[in-house]
Structure formats: structure tokens, C-alpha cells
>>> print(open('data-v7.txt').read())   # compact mmCIF, C-alpha atoms and all ligand atoms
# COMPACT_ATOMS: atom_id res chain seq x y z
CA MET A 1005 8.14 13.69 20.35
CA PRO A 1006 4.49 13.09 19.43
CA TYR A 1007 5.14 9.50 18.35
CA SER A 1008 5.01 6.51 20.69
CA GLU A 1009 8.06 4.31 21.08
CA ASP A 1010 6.12 1.35 19.68
CA TRP A 1011 5.04 3.33 16.64
CA ILE A 1012 8.62 4.43 15.96
CA GLU A 1013 9.93 0.91 16.27
CA ARG A 1014 7.14 -0.81 14.33
CA TYR A 1015 7.46 1.51 11.34
CA SER A 1016 11.18 2.27 11.61
CA ARG A 1017 12.04 0.59 8.28
CA HIS A 1018 9.43 2.75 6.57
CA ILE A 1019 10.41 5.97 8.35
CA ILE A 1020 14.03 5.51 7.29
CA LEU A 1021 12.97 5.69 3.63
CA SER A 1022 13.35 9.25 2.41
CA GLU A 1023 10.07 8.86 0.44
CA VAL A 1024 8.18 7.96 3.64
CA GLY A 1025 9.54 9.50 6.85
CA GLY A 1026 7.30 10.25 9.83
CA GLY A 1027 4.95 12.35 7.70
CA GLY A 1028 4.47 9.61 5.12
CA GLN A 1029 3.87 6.98 7.78
CA GLN A 1030 1.18 9.23 9.28
CA LYS A 1031 -0.44 9.48 5.85
CA ILE A 1032 -0.48 5.67 5.69
CA GLY A 1033 -2.06 5.57 9.13
CA ASN A 1034 -4.77 8.02 8.07
CA ALA A 1035 -5.57 6.16 4.83
CA LYS A 1036 -8.76 4.19 4.29
CA VAL A 1037 -8.40 1.36 1.80
CA LEU A 1038 -11.04 -1.10 0.65
CA VAL A 1039 -9.91 -4.54 -0.51
CA LEU A 1040 -12.44 -6.41 -2.63
CA GLY A 1041 -11.95 -10.13 -2.16
CA ALA A 1042 -10.13 -11.97 0.62
CA GLY A 1043 -8.79 -14.60 -1.76
CA GLY A 1044 -5.65 -15.10 -3.84
CA LEU A 1045 -5.01 -11.41 -4.52
CA GLY A 1046 -6.81 -9.93 -1.52
CA SER A 1047 -4.67 -12.00 0.88
CA PRO A 1048 -1.27 -10.50 0.01
CA VAL A 1049 -2.80 -7.07 -0.56
CA ALA A 1050 -4.45 -7.00 2.86
CA LEU A 1051 -1.52 -8.61 4.69
CA TYR A 1052 0.98 -6.07 3.37
CA LEU A 1053 -1.34 -3.10 3.84
CA ALA A 1054 -2.07 -4.12 7.42
CA ALA A 1055 1.62 -4.60 8.14
CA ALA A 1056 2.32 -1.22 6.53
CA GLY A 1057 -0.08 0.42 8.96
CA VAL A 1058 -2.99 1.44 6.72
CA GLY A 1059 -5.27 2.80 9.42
CA THR A 1060 -8.61 1.64 8.09
CA LEU A 1061 -8.84 -1.51 6.03
CA GLY A 1062 -12.17 -2.74 4.68
CA ILE A 1063 -12.39 -6.32 3.36
CA VAL A 1064 -15.33 -7.46 1.25
CA ASP A 1065 -15.98 -11.12 0.56
CA ASN A 1066 -19.08 -13.27 0.73
CA ASP A 1067 -17.37 -16.67 0.67
CA VAL A 1068 -16.35 -19.13 3.32
CA VAL A 1069 -12.89 -20.66 3.45
CA ASP A 1070 -12.63 -23.87 1.46
CA LEU A 1071 -9.82 -26.44 1.57
CA SER A 1072 -9.03 -25.72 -2.09
CA ASN A 1073 -8.40 -22.03 -1.25
CA LEU A 1074 -5.44 -22.69 1.00
CA GLN A 1075 -2.99 -23.34 -1.85
CA ARG A 1076 -2.92 -19.58 -2.60
CA GLN A 1077 -5.09 -17.61 -0.17
CA VAL A 1078 -2.45 -17.05 2.46
CA LEU A 1079 -4.71 -15.12 4.84
CA HIS A 1080 -6.47 -18.34 5.74
CA ALA A 1081 -5.28 -21.51 7.45
CA THR A 1082 -6.53 -25.05 7.85
CA PRO A 1083 -8.51 -24.36 11.07
CA ASP A 1084 -10.40 -21.61 9.17
CA ILE A 1085 -12.10 -24.03 6.76
CA GLY A 1086 -15.82 -23.34 6.85
CA ARG A 1087 -15.41 -19.88 8.44
CA SER A 1088 -16.35 -16.72 6.64
CA LYS A 1089 -13.32 -15.36 4.76
CA VAL A 1090 -13.75 -11.83 6.06
CA GLU A 1091 -13.89 -13.04 9.64
CA SER A 1092 -10.79 -15.18 9.15
CA ALA A 1093 -9.06 -12.26 7.39
CA ALA A 1094 -9.98 -9.71 10.05
CA GLU A 1095 -8.55 -11.93 12.78
CA LYS A 1096 -5.19 -12.35 11.02
CA LEU A 1097 -4.91 -8.70 10.06
CA GLN A 1098 -5.79 -7.48 13.53
CA ALA A 1099 -3.18 -9.82 15.00
CA ILE A 1100 -0.50 -8.38 12.72
CA ASN A 1101 -1.40 -4.85 13.68
CA PRO A 1102 -3.79 -4.29 16.60
CA ASP A 1103 -3.80 -0.50 16.03
CA LEU A 1104 -5.79 -0.74 12.81
CA THR A 1105 -9.51 -0.56 12.21
CA ILE A 1106 -10.44 -3.64 10.19
CA LYS A 1107 -13.94 -3.61 8.72
CA PRO A 1108 -15.24 -6.95 7.42
CA TYR A 1109 -18.11 -6.92 4.91
CA LYS A 1110 -19.56 -10.40 4.43
CA GLU A 1111 -21.44 -9.63 1.26
CA LEU A 1112 -21.25 -9.62 -2.51
CA VAL A 1113 -20.74 -6.23 -4.06
CA THR A 1114 -23.72 -5.42 -6.22
CA SER A 1115 -24.97 -2.33 -8.00
CA ALA A 1116 -27.26 -1.82 -5.00
CA ASN A 1117 -24.65 -1.74 -2.22
CA ILE A 1118 -21.35 -0.82 -3.88
CA MET A 1119 -21.58 2.97 -3.62
CA ASP A 1120 -22.57 2.74 0.00
CA ILE A 1121 -19.55 0.54 0.80
CA PHE A 1122 -17.15 2.71 -1.28
CA LYS A 1123 -18.10 6.02 0.31
CA ASP A 1124 -15.98 5.53 3.42
CA TYR A 1125 -12.75 4.74 1.52
CA ASP A 1126 -10.05 6.67 -0.35
CA ILE A 1127 -8.66 3.85 -2.48
CA VAL A 1128 -10.17 0.60 -3.78
CA VAL A 1129 -8.21 -2.56 -4.59
CA ASP A 1130 -9.76 -5.13 -6.89
CA GLY A 1131 -8.91 -8.64 -5.84
CA THR A 1132 -12.05 -10.22 -7.28
CA ASP A 1133 -11.87 -13.17 -9.63
CA ASN A 1134 -14.64 -12.59 -12.12
CA PHE A 1135 -15.53 -10.22 -14.92
CA PRO A 1136 -19.00 -9.16 -13.78
CA THR A 1137 -17.64 -7.81 -10.50
CA ARG A 1138 -14.57 -6.29 -12.15
CA PHE A 1139 -16.71 -4.21 -14.51
CA LEU A 1140 -19.08 -3.20 -11.74
CA VAL A 1141 -16.14 -2.16 -9.54
CA ASN A 1142 -14.57 -0.16 -12.36
CA ASP A 1143 -17.80 1.67 -13.12
CA ALA A 1144 -18.45 2.44 -9.46
CA CYS A 1145 -14.90 3.76 -8.97
CA VAL A 1146 -15.18 5.98 -12.05
CA MET A 1147 -18.54 7.31 -10.86
CA ALA A 1148 -17.26 7.90 -7.33
CA GLY A 1149 -13.91 9.27 -8.58
CA LYS A 1150 -11.95 6.79 -6.44
CA PRO A 1151 -8.55 5.42 -7.45
CA LEU A 1152 -8.73 1.70 -8.22
CA VAL A 1153 -5.83 -0.72 -8.28
CA HIS A 1154 -6.64 -3.58 -10.60
CA GLY A 1155 -5.05 -7.03 -10.59
CA ALA A 1156 -5.88 -10.31 -12.26
CA ILE A 1157 -4.28 -13.74 -12.40
CA LEU A 1158 -4.72 -16.93 -14.39
CA ARG A 1159 -2.46 -19.99 -14.59
CA PHE A 1160 1.09 -18.53 -14.64
CA ASP A 1161 -0.01 -15.12 -15.88
CA GLY A 1162 -0.94 -11.94 -14.16
CA GLN A 1163 -1.61 -8.30 -14.84
CA ALA A 1164 -1.95 -5.11 -12.87
CA PHE A 1165 -2.67 -1.45 -13.45
CA THR A 1166 -3.92 1.57 -11.56
CA ILE A 1167 -6.94 3.59 -12.52
CA ILE A 1168 -7.19 7.26 -11.62
CA PRO A 1169 -10.67 8.10 -12.92
CA TYR A 1170 -10.73 10.67 -15.71
CA GLU A 1171 -6.98 11.29 -15.48
CA GLY A 1172 -5.98 7.96 -16.99
CA PRO A 1173 -7.62 5.00 -18.69
CA CYS A 1174 -10.16 2.89 -16.84
CA TYR A 1175 -10.78 -0.84 -17.16
CA ARG A 1176 -13.49 -0.22 -19.74
CA CYS A 1177 -11.21 1.96 -21.88
CA ILE A 1178 -9.27 -1.25 -22.56
CA PHE A 1179 -11.74 -4.09 -22.06
CA ARG A 1180 -15.00 -2.64 -23.30
CA GLU A 1181 -17.52 -5.27 -22.15
CA PRO A 1182 -17.46 -8.34 -19.96
CA PRO A 1183 -16.88 -11.46 -22.06
CA PRO A 1184 -20.01 -13.57 -22.58
CA PRO A 1185 -20.60 -16.08 -19.78
CA GLY A 1186 -18.52 -19.20 -20.32
CA ALA A 1187 -16.19 -17.64 -22.93
CA VAL A 1188 -13.27 -17.17 -20.58
CA PRO A 1189 -12.11 -19.70 -18.03
CA ASN A 1190 -12.09 -18.51 -14.44
CA CYS A 1191 -9.50 -19.61 -12.00
CA SER A 1192 -11.45 -22.55 -10.68
CA GLN A 1193 -11.52 -24.00 -14.20
CA ALA A 1194 -8.07 -22.98 -15.45
CA GLY A 1195 -5.88 -23.28 -12.40
CA ILE A 1196 -3.50 -20.81 -10.87
CA LEU A 1197 -0.02 -21.13 -9.46
CA GLY A 1198 -0.49 -19.81 -5.93
CA ALA A 1199 2.71 -17.79 -5.84
CA VAL A 1200 1.60 -15.81 -8.91
CA ALA A 1201 -1.21 -14.37 -6.78
CA GLY A 1202 1.46 -13.25 -4.33
CA ILE A 1203 3.44 -11.43 -7.04
CA ILE A 1204 0.45 -9.54 -8.43
CA GLY A 1205 -1.07 -8.86 -5.00
CA THR A 1206 2.14 -7.35 -3.66
CA ILE A 1207 2.35 -5.17 -6.79
CA GLN A 1208 -1.17 -3.95 -6.00
CA ALA A 1209 -0.26 -3.27 -2.36
CA THR A 1210 2.81 -1.31 -3.51
CA GLU A 1211 0.66 0.80 -5.83
CA VAL A 1212 -1.71 1.58 -2.95
CA LEU A 1213 1.16 2.73 -0.74
CA LYS A 1214 2.59 4.91 -3.55
CA LEU A 1215 -0.85 6.42 -4.05
CA ILE A 1216 -1.10 7.22 -0.34
CA LEU A 1217 2.40 8.68 -0.23
CA GLY A 1218 2.08 10.52 -3.54
CA LYS A 1219 5.49 9.15 -4.53
CA GLY A 1220 6.89 7.45 -7.60
CA LYS A 1221 5.31 6.60 -10.91
CA LEU A 1222 2.03 4.71 -10.79
CA LEU A 1223 0.85 2.02 -13.19
CA THR A 1224 -1.51 4.48 -14.81
CA GLY A 1225 -1.61 4.38 -18.58
CA ARG A 1226 0.43 1.20 -18.61
CA LEU A 1227 -0.68 -2.36 -18.12
CA LEU A 1228 1.96 -4.51 -16.45
CA ILE A 1229 1.82 -8.10 -17.66
CA LEU A 1230 3.56 -10.99 -15.92
CA ASP A 1231 4.50 -14.30 -17.50
CA ALA A 1232 5.78 -16.26 -14.53
CA LEU A 1233 6.74 -19.36 -16.55
CA ASP A 1234 9.14 -17.17 -18.48
CA MET A 1235 9.55 -14.96 -15.39
CA SER A 1236 9.27 -11.83 -17.44
CA PHE A 1237 7.26 -8.65 -17.20
CA ARG A 1238 6.17 -6.55 -20.11
CA GLU A 1239 4.33 -3.29 -20.26
CA THR A 1240 1.66 -2.20 -22.70
CA ARG A 1241 0.85 1.47 -23.12
CA ILE A 1242 -2.83 2.00 -22.53
CA ARG A 1243 -4.73 5.13 -23.38
CA LYS A 1244 -7.83 6.79 -22.13
CA ASP A 1245 -10.53 6.20 -24.75
CA PRO A 1246 -12.56 9.35 -25.50
CA ASN A 1247 -15.39 6.99 -26.51
CA CYS A 1248 -15.25 4.97 -23.30
CA PRO A 1249 -18.83 4.24 -22.27
CA ILE A 1250 -18.11 5.23 -18.66
CA CYS A 1251 -15.22 7.72 -18.53
CA GLY A 1252 -15.43 9.07 -22.11
CA GLN A 1253 -16.81 12.38 -23.36
CA ASN A 1254 -20.35 11.08 -23.86
CA PRO A 1255 -20.78 8.28 -21.36
CA THR A 1256 -23.56 5.85 -22.18
CA ILE A 1257 -23.35 4.12 -18.82
CA THR A 1258 -24.98 6.40 -16.32
CA GLU A 1259 -26.06 3.85 -13.80
CA LEU A 1260 -24.54 0.68 -12.40
CA THR A 1261 -25.58 -2.73 -13.73
CA ASP A 1262 -24.94 -6.23 -12.50
CA TYR A 1263 -23.61 -8.48 -15.24
CA GLU A 1264 -24.44 -12.14 -15.49
CA TRP A 1265 -22.17 -14.38 -13.48
CA VAL A 1266 -19.99 -16.93 -15.23
CA CYS A 1267 -19.62 -19.21 -12.28
CA MET B 257 30.72 23.00 24.63
CA SER B 258 29.57 23.88 21.18
CA LYS B 259 29.69 27.44 19.97
CA PHE B 260 26.76 26.77 17.67
CA LYS B 261 23.28 27.77 18.69
CA VAL B 262 21.17 24.70 19.41
CA ASP B 263 17.43 24.72 18.72
CA ASP B 264 16.71 21.25 20.02
CA SER B 265 18.58 18.26 21.32
CA LEU B 266 18.29 14.50 21.62
CA ASP B 267 20.19 12.19 23.91
CA LEU B 268 20.35 8.94 21.98
CA ARG B 269 23.04 7.29 24.07
CA GLY B 270 21.99 3.68 24.63
CA VAL B 271 19.67 3.73 21.59
CA LEU B 272 20.60 1.17 18.94
CA CYS B 273 20.77 1.47 15.15
CA PRO B 274 18.60 2.17 13.28
CA ILE B 275 16.20 3.55 15.91
CA ASN B 276 18.69 6.32 16.78
CA PHE B 277 18.60 7.51 13.15
CA VAL B 278 14.79 7.14 13.01
CA LYS B 279 14.42 9.34 16.10
CA THR B 280 16.86 11.89 14.69
CA LYS B 281 14.95 11.95 11.42
CA LEU B 282 11.56 12.37 13.14
CA LYS B 283 12.92 15.25 15.24
CA LEU B 284 14.38 16.93 12.15
CA GLU B 285 10.99 16.66 10.41
CA GLU B 286 9.48 18.80 13.18
CA MET B 287 12.16 21.48 12.94
CA GLU B 288 12.51 24.41 10.54
CA PRO B 289 15.08 24.56 7.72
CA GLY B 290 18.31 26.05 9.06
CA ASP B 291 17.61 24.92 12.64
CA HIS B 292 20.36 23.19 14.56
CA LEU B 293 19.81 19.84 16.28
CA GLU B 294 22.26 18.51 18.81
CA VAL B 295 22.40 14.71 19.11
CA LEU B 296 24.34 12.56 21.56
CA LEU B 297 25.36 9.22 20.09
CA ASP B 298 27.32 6.22 21.31
CA GLU B 299 30.68 5.33 19.85
CA GLY B 300 30.88 2.42 17.39
CA ASP B 301 27.97 1.79 15.02
CA PRO B 302 25.85 4.80 16.07
CA ILE B 303 28.50 7.45 15.40
CA ALA B 304 29.57 5.58 12.24
CA ASN B 305 26.05 5.33 10.81
CA VAL B 306 23.81 8.14 12.00
CA PRO B 307 25.78 11.13 10.64
CA ARG B 308 26.13 9.38 7.27
CA SER B 309 22.39 8.68 7.06
CA VAL B 310 21.61 12.26 8.11
CA LYS B 311 23.86 13.56 5.31
CA GLU B 312 22.16 11.23 2.79
CA GLU B 313 18.89 12.97 3.67
CA GLY B 314 20.47 16.25 2.64
CA HIS B 315 21.24 17.76 6.07
CA MET B 316 24.62 19.08 7.16
CA ILE B 317 26.79 17.88 10.01
CA LEU B 318 28.28 21.05 11.46
CA LYS B 319 30.31 19.56 14.24
CA VAL B 320 31.33 16.28 15.88
CA ASP B 321 32.78 16.37 19.40
CA ARG B 322 33.62 13.69 21.91
CA GLU B 323 31.22 13.54 24.82
CA GLY B 324 32.84 11.71 27.71
CA GLU B 325 34.66 8.49 27.03
CA HIS B 326 32.19 6.50 24.98
CA ALA B 327 29.96 8.98 23.17
CA TYR B 328 29.84 11.83 20.69
CA ARG B 329 27.92 15.08 20.40
CA ILE B 330 27.01 16.11 16.86
CA ILE B 331 25.35 19.26 15.56
CA ILE B 332 23.08 18.86 12.53
CA LYS B 333 21.84 21.75 10.40
CA LYS B 334 18.43 20.92 8.91
CA SER B 335 18.32 21.47 5.15
ZN ZN A 1301 -12.77 4.50 -19.45
>>> encode(input="data-v7.txt", output="C-alpha cells", more="lines below")
Ligand SMILES: [Zn+2]
Amino acid sequence: MPYSEDWIERYSRHIILSEVGGGGQQKIGNAKVLVLGAGGLGSPVALYLAAAGVGTLGIVDNDVVDLSNLQRQVLHATPDIGRSKVESAAEKLQAINPDLTIKPYKELVTSANIMDIFKDYDIVVDGTDNFPTRFLVNDACVMAGKPLVHGAILRFDGQAFTIIPYEGPCYRCIFREPPPPGAVPNCSQAGILGAVAGIIGTIQATEVLKLILGKGKLLTGRLLILDALDMSFRETRIRKDPNCPICGQNPTITELTDYEWVC
Amino acid sequence: MSKFKVDDSLDLRGVLCPINFVKTKLKLEEMEPGDHLEVLLDEGDPIANVPRSVKEEGHMILKVDREGEHAYRIIIKKS
């Protein structure tokens, strides 16, 4: 058998699944996934993808761990306060699964570096917490033709959907422009129930694994919306907009721009 | 002895559930449709669970024989 005993045992609960098997687990091992943000969403996303055996995991974050992060950013612990988030993340992820290649990027994604970071990855996961980055990430994924798994959280609410450029709607098909600075509260101003980040992040991780396996029905063309106070999910049909400024028939956005930061 | 042709075989005596099924499944993935895999399994949980899981994956159990006092020999036809 070409598989090691450790590999068989570690991934046995995956291999048993008829949608995964040995072949599917190898696909997971060969996948290269980039997680943007090592915070509330990025933590569960990266933890589950590392445990699942995603062979190459890139983590981008420019922040350092702050005491106020620990209520929801489960990758980091009290002794990590003051450390760079990507360094703290890489250590935890590598400990879960020493076989993986974890690539930390301690930087902000900008129009200048984003394409260069994206080029080594098959799938991008957005775990960022602000509109300027979200639009930049969407535009870069559309331009590079990379699948993007979007997630966002605020208070007790969350949403997620998956973008397959040109096949389904992108973020801009639905939310045309970033809101003006200061118009929308970010999570530092509005608060967030930590566990809500876990729900949305694990949905994102599940979408990534389905993308890798080519199984099931993705959240493409439907926006999944969580109301955790009510503990209910609803789904809104979303359509590709032929007039979308980035993925439409006559795109007006032909190069990447950095939007003004709210916070 | 089995009168079926056997293309490959696994001795999974002493291997616990569910790793015995996982190893059977991985071996079947490498084989061609219609191939026969012979598997030796312990009595108790292994012989109760593995053939059922193999059938759930769509394969056929052609034969189940006793193998010594505490084990079984099964022949699986890959679907
Ligand atoms: Zn679009």
C-alpha cells in the first residue's frame, strides 16, 4: 500500500466517507489554500483546514495578538499576546499537523502585493474584517480566476458564500462599492459574539474542502445568512450581474485599487 | 480454500475497527472493477462491520468462510 500507517490512521475518518476516500484525501493533501486573516474567521478556517490535511496553507495577517482578540480568535492563546498573529498561527497549525507546509505572510494585502501572494494558491478564503480589503480580495480573485470563499460576521450575524469567478456572482455583483468610511460599524465598534465566528469560519472551511473534493453543492449563487440570536439560517438567491464592474460583460475595473480604510 | 480467483489479499487480523475497513477501502481503490479482494478479519466487531461497510460502498461480498477458530476470510468483488 502506498500510504503510511500514520497517514491512514490520521485521516481514517475522512477516508471512510464515500465522498472522500484515499483519492479525495490525496487531493486535500495536494491542495494549496490561502487564508486571509488569522483572526475570528481565519482561526477556525485554518485550524480545520490544517487538521483536514490541506498540504499547503498560507496565512496572511499583519497584526499582533492583542488581549481583546482572545475572546474569538481561537488560534491564539494568552502567552501569544504581543506576538505576530501569523507566527502564532503557524506554530499552532504545524503542531496539529507536522506534515503540512505552513506559509506565514506578515503583511497587509495591497493592490501591489496581492497577485504575487495569490499566484501560489488554488483557493482563497476571506477572513478579513473590513470592506476595503474585501473588495480588493474579490477583484484580485476575479482577475486571477481563483475561487474565493467569503465570510463576514457582526454582532450575532454572519454570512458566507463562495465565488467561482465568471461562473457565478462575485462580491461586487451584490455589493457594488465599499461603503463610505465610517458608514458601517466594524467589529471593534459593534461587537461580535465569538462563537459566531466559529460557525461562519467552519462553514468556510467546509466550502474549501468541497471545492477541493469536487463534491456537493457549493454556496455559489446563494448567500447564506445566519442570525445566531434566533439561531436560524436563511438563503438569498444571488445572481451574476452582467453589468458588474469587475466580472460583467464590460468591466470598468481593469486594475486593482486600494480603498480607504475605515479603521 | 476459496474457489474464486483472488487478485489481491489483505490480512487484517489484529487490526481494529475502523482501520480494517479503511485499509480494505484503500486497497479496493487501487484495484480494477470486477477484481476480487480476499480479506482476513477477526471475529466480533470486524466481521460484523467491515462487510457491511464494504457493501454500503457498492461492492459485493462473494463469500464468507471461517478461517481458523477466531477469524473469517471474505471475498469482495469490486464494483
Ligand atoms: Zn461580479
>>> atom_distance(input="data-v7.txt", atom1="CA of Gly1218 in chain A", atom2="CA of Leu1021 in chain A")
13.9 Å
>>> residues_near_ligand(input="data-v7.txt", ligand="ligand ZN 1301 (chain A)", cutoff="12 Å", atoms="only C-alpha atoms and all ligand atoms", output="MDAnalysis selection string")
chainID A and resid 1139 1142:1147 1149 1167:1181 1225 1242:1257
>>> atom_distance(input="data-v7.txt", atom1="CA of Ala1164 in chain A", atom2="CA of Ile1063 in chain A")
19.3 Å
>>> closest_residue(input="data-v7.txt", among="A:Ile1100, A:Ala1056, A:Leu1045, A:Leu1260", to="Ile1203 in chain A", atoms="all atoms listed in the file")
A:Leu1045
>>> interface_residues(input="data-v7.txt", of="chain B", to="chain A", cutoff="9 Å", atoms="all atoms listed in the file", output="PDB file with C-alpha atoms, in the coordinates of the input")
ATOM      1  CA  PRO B 274      18.600   2.170  13.280  1.00  0.00           C
ATOM      2  CA  ILE B 275      16.200   3.550  15.910  1.00  0.00           C
ATOM      3  CA  PHE B 277      18.600   7.510  13.150  1.00  0.00           C
ATOM      4  CA  VAL B 278      14.790   7.140  13.010  1.00  0.00           C
ATOM      5  CA  LYS B 279      14.420   9.340  16.100  1.00  0.00           C
ATOM      6  CA  LYS B 281      14.950  11.950  11.420  1.00  0.00           C
ATOM      7  CA  LEU B 282      11.560  12.370  13.140  1.00  0.00           C
ATOM      8  CA  LYS B 283      12.920  15.250  15.240  1.00  0.00           C
ATOM      9  CA  GLU B 285      10.990  16.660  10.410  1.00  0.00           C
ATOM     10  CA  GLU B 286       9.480  18.800  13.180  1.00  0.00           C
ATOM     11  CA  SER B 309      22.390   8.680   7.060  1.00  0.00           C
ATOM     12  CA  GLU B 313      18.890  12.970   3.670  1.00  0.00           C
TER      13      GLU B 313
END
>>> residues_around(input="data-v7.txt", residues="Ser1047 in chain A", least_positions_apart="4", cutoff="12 Å", atoms="all atoms listed in the file", output="PyMOL selection string")
chain A and resi 1039-1043+1051-1054+1063-1065+1073-1081+1089-1090+1092-1094+1096-1097+1129-1132+1198-1199+1201-1206+1208-1209
>>> write_last_selection(input="data-v7.txt", atoms="C-alpha atoms", output="PDB file, in the coordinates of the input")
ATOM      1  CA  VAL A1039      -9.910  -4.540  -0.510  1.00  0.00           C
ATOM      2  CA  LEU A1040     -12.440  -6.410  -2.630  1.00  0.00           C
ATOM      3  CA  GLY A1041     -11.950 -10.130  -2.160  1.00  0.00           C
ATOM      4  CA  ALA A1042     -10.130 -11.970   0.620  1.00  0.00           C
ATOM      5  CA  GLY A1043      -8.790 -14.600  -1.760  1.00  0.00           C
ATOM      6  CA  LEU A1051      -1.520  -8.610   4.690  1.00  0.00           C
ATOM      7  CA  TYR A1052       0.980  -6.070   3.370  1.00  0.00           C
ATOM      8  CA  LEU A1053      -1.340  -3.100   3.840  1.00  0.00           C
ATOM      9  CA  ALA A1054      -2.070  -4.120   7.420  1.00  0.00           C
ATOM     10  CA  ILE A1063     -12.390  -6.320   3.360  1.00  0.00           C
ATOM     11  CA  VAL A1064     -15.330  -7.460   1.250  1.00  0.00           C
ATOM     12  CA  ASP A1065     -15.980 -11.120   0.560  1.00  0.00           C
ATOM     13  CA  ASN A1073      -8.400 -22.030  -1.250  1.00  0.00           C
ATOM     14  CA  LEU A1074      -5.440 -22.690   1.000  1.00  0.00           C
ATOM     15  CA  GLN A1075      -2.990 -23.340  -1.850  1.00  0.00           C
ATOM     16  CA  ARG A1076      -2.920 -19.580  -2.600  1.00  0.00           C
ATOM     17  CA  GLN A1077      -5.090 -17.610  -0.170  1.00  0.00           C
ATOM     18  CA  VAL A1078      -2.450 -17.050   2.460  1.00  0.00           C
ATOM     19  CA  LEU A1079      -4.710 -15.120   4.840  1.00  0.00           C
ATOM     20  CA  HIS A1080      -6.470 -18.340   5.740  1.00  0.00           C
ATOM     21  CA  ALA A1081      -5.280 -21.510   7.450  1.00  0.00           C
ATOM     22  CA  LYS A1089     -13.320 -15.360   4.760  1.00  0.00           C
ATOM     23  CA  VAL A1090     -13.750 -11.830   6.060  1.00  0.00           C
ATOM     24  CA  SER A1092     -10.790 -15.180   9.150  1.00  0.00           C
ATOM     25  CA  ALA A1093      -9.060 -12.260   7.390  1.00  0.00           C
ATOM     26  CA  ALA A1094      -9.980  -9.710  10.050  1.00  0.00           C
ATOM     27  CA  LYS A1096      -5.190 -12.350  11.020  1.00  0.00           C
ATOM     28  CA  LEU A1097      -4.910  -8.700  10.060  1.00  0.00           C
ATOM     29  CA  VAL A1129      -8.210  -2.560  -4.590  1.00  0.00           C
ATOM     30  CA  ASP A1130      -9.760  -5.130  -6.890  1.00  0.00           C
ATOM     31  CA  GLY A1131      -8.910  -8.640  -5.840  1.00  0.00           C
ATOM     32  CA  THR A1132     -12.050 -10.220  -7.280  1.00  0.00           C
ATOM     33  CA  GLY A1198      -0.490 -19.810  -5.930  1.00  0.00           C
ATOM     34  CA  ALA A1199       2.710 -17.790  -5.840  1.00  0.00           C
ATOM     35  CA  ALA A1201      -1.210 -14.370  -6.780  1.00  0.00           C
ATOM     36  CA  GLY A1202       1.460 -13.250  -4.330  1.00  0.00           C
ATOM     37  CA  ILE A1203       3.440 -11.430  -7.040  1.00  0.00           C
ATOM     38  CA  ILE A1204       0.450  -9.540  -8.430  1.00  0.00           C
ATOM     39  CA  GLY A1205      -1.070  -8.860  -5.000  1.00  0.00           C
ATOM     40  CA  THR A1206       2.140  -7.350  -3.660  1.00  0.00           C
ATOM     41  CA  GLN A1208      -1.170  -3.950  -6.000  1.00  0.00           C
ATOM     42  CA  ALA A1209      -0.260  -3.270  -2.360  1.00  0.00           C
TER      43      ALA A1209
END
>>> residues_around(input="data-v7.txt", residues="Gly1220 in chain A", least_positions_apart="3", cutoff="10 Å", atoms="only C-alpha atoms", output="PyMOL selection string")
chain A and resi 1023+1211+1214-1215+1217+1223
>>> write_last_selection(input="data-v7.txt", atoms="C-alpha atoms", output="PDB file, in the coordinates of the input")
ATOM      1  CA  GLU A1023      10.070   8.860   0.440  1.00  0.00           C
ATOM      2  CA  GLU A1211       0.660   0.800  -5.830  1.00  0.00           C
ATOM      3  CA  LYS A1214       2.590   4.910  -3.550  1.00  0.00           C
ATOM      4  CA  LEU A1215      -0.850   6.420  -4.050  1.00  0.00           C
ATOM      5  CA  LEU A1217       2.400   8.680  -0.230  1.00  0.00           C
ATOM      6  CA  LEU A1223       0.850   2.020 -13.190  1.00  0.00           C
TER       7      LEU A1223
END
>>> atom_distance(input="data-v7.txt", atom1="CA of Leu1222 in chain A", atom2="CA of Val1200 in chain A")
20.6 Å
>>> closest_residue(input="data-v7.txt", among="B:Ser335, B:Ile330, B:Asp301, B:Pro307", to="Asp264 in chain B", atoms="all atoms listed in the file")
B:Ile330
>>> residues_around(input="data-v7.txt", residues="range 1230-1240 of chain A", least_positions_apart="2", cutoff="6 Å", atoms="all atoms listed in the file", output="number ranges by chain")
A: 1160-1163, 1226-1228
>>> residues_around(input="data-v7.txt", residues="Lys311 in chain B", least_positions_apart="4", cutoff="10 Å", atoms="only C-alpha atoms", output="VMD selection string")
chain B and resid 306 to 307 315 to 317 332 to 335
>>> write_last_selection(input="data-v7.txt", atoms="C-alpha atoms", output="PDB file, keeping the file's coordinate frame")
ATOM      1  CA  VAL B 306      23.810   8.140  12.000  1.00  0.00           C
ATOM      2  CA  PRO B 307      25.780  11.130  10.640  1.00  0.00           C
ATOM      3  CA  HIS B 315      21.240  17.760   6.070  1.00  0.00           C
ATOM      4  CA  MET B 316      24.620  19.080   7.160  1.00  0.00           C
ATOM      5  CA  ILE B 317      26.790  17.880  10.010  1.00  0.00           C
ATOM      6  CA  ILE B 332      23.080  18.860  12.530  1.00  0.00           C
ATOM      7  CA  LYS B 333      21.840  21.750  10.400  1.00  0.00           C
ATOM      8  CA  LYS B 334      18.430  20.920   8.910  1.00  0.00           C
ATOM      9  CA  SER B 335      18.320  21.470   5.150  1.00  0.00           C
TER      10      SER B 335
END
>>> residues_near_point(input="data-v7.txt", point="(23.9, 5.1, 21.1)", cutoff="12 Å", atoms="only C-alpha atoms", output="ChimeraX atom specification")
/B:266-277,279-280,295-306,323,326-329
>>> axis_aligned_box(input="data-v7.txt", around="range 311-321 of chain B", padding_each_side="4 Å", output="JSON")
{"center_x": 25.8, "center_y": 16.1, "center_z": 11.0, "size_x": 21.9, "size_y": 17.8, "size_z": 24.8}
>>> closest_residue(input="data-v7.txt", among="A:Pro1136, A:Gly1057, A:Gly1046, A:Pro1083", to="Arg1014 in chain A", atoms="all atoms listed in the file")
A:Gly1057
>>> residues_around(input="data-v7.txt", residues="Ile1118 in chain A", least_positions_apart="2", cutoff="10 Å", atoms="all atoms listed in the file", output="PyMOL selection string")
chain A and resi 1112-1116+1120-1123+1140-1141+1144-1145+1260
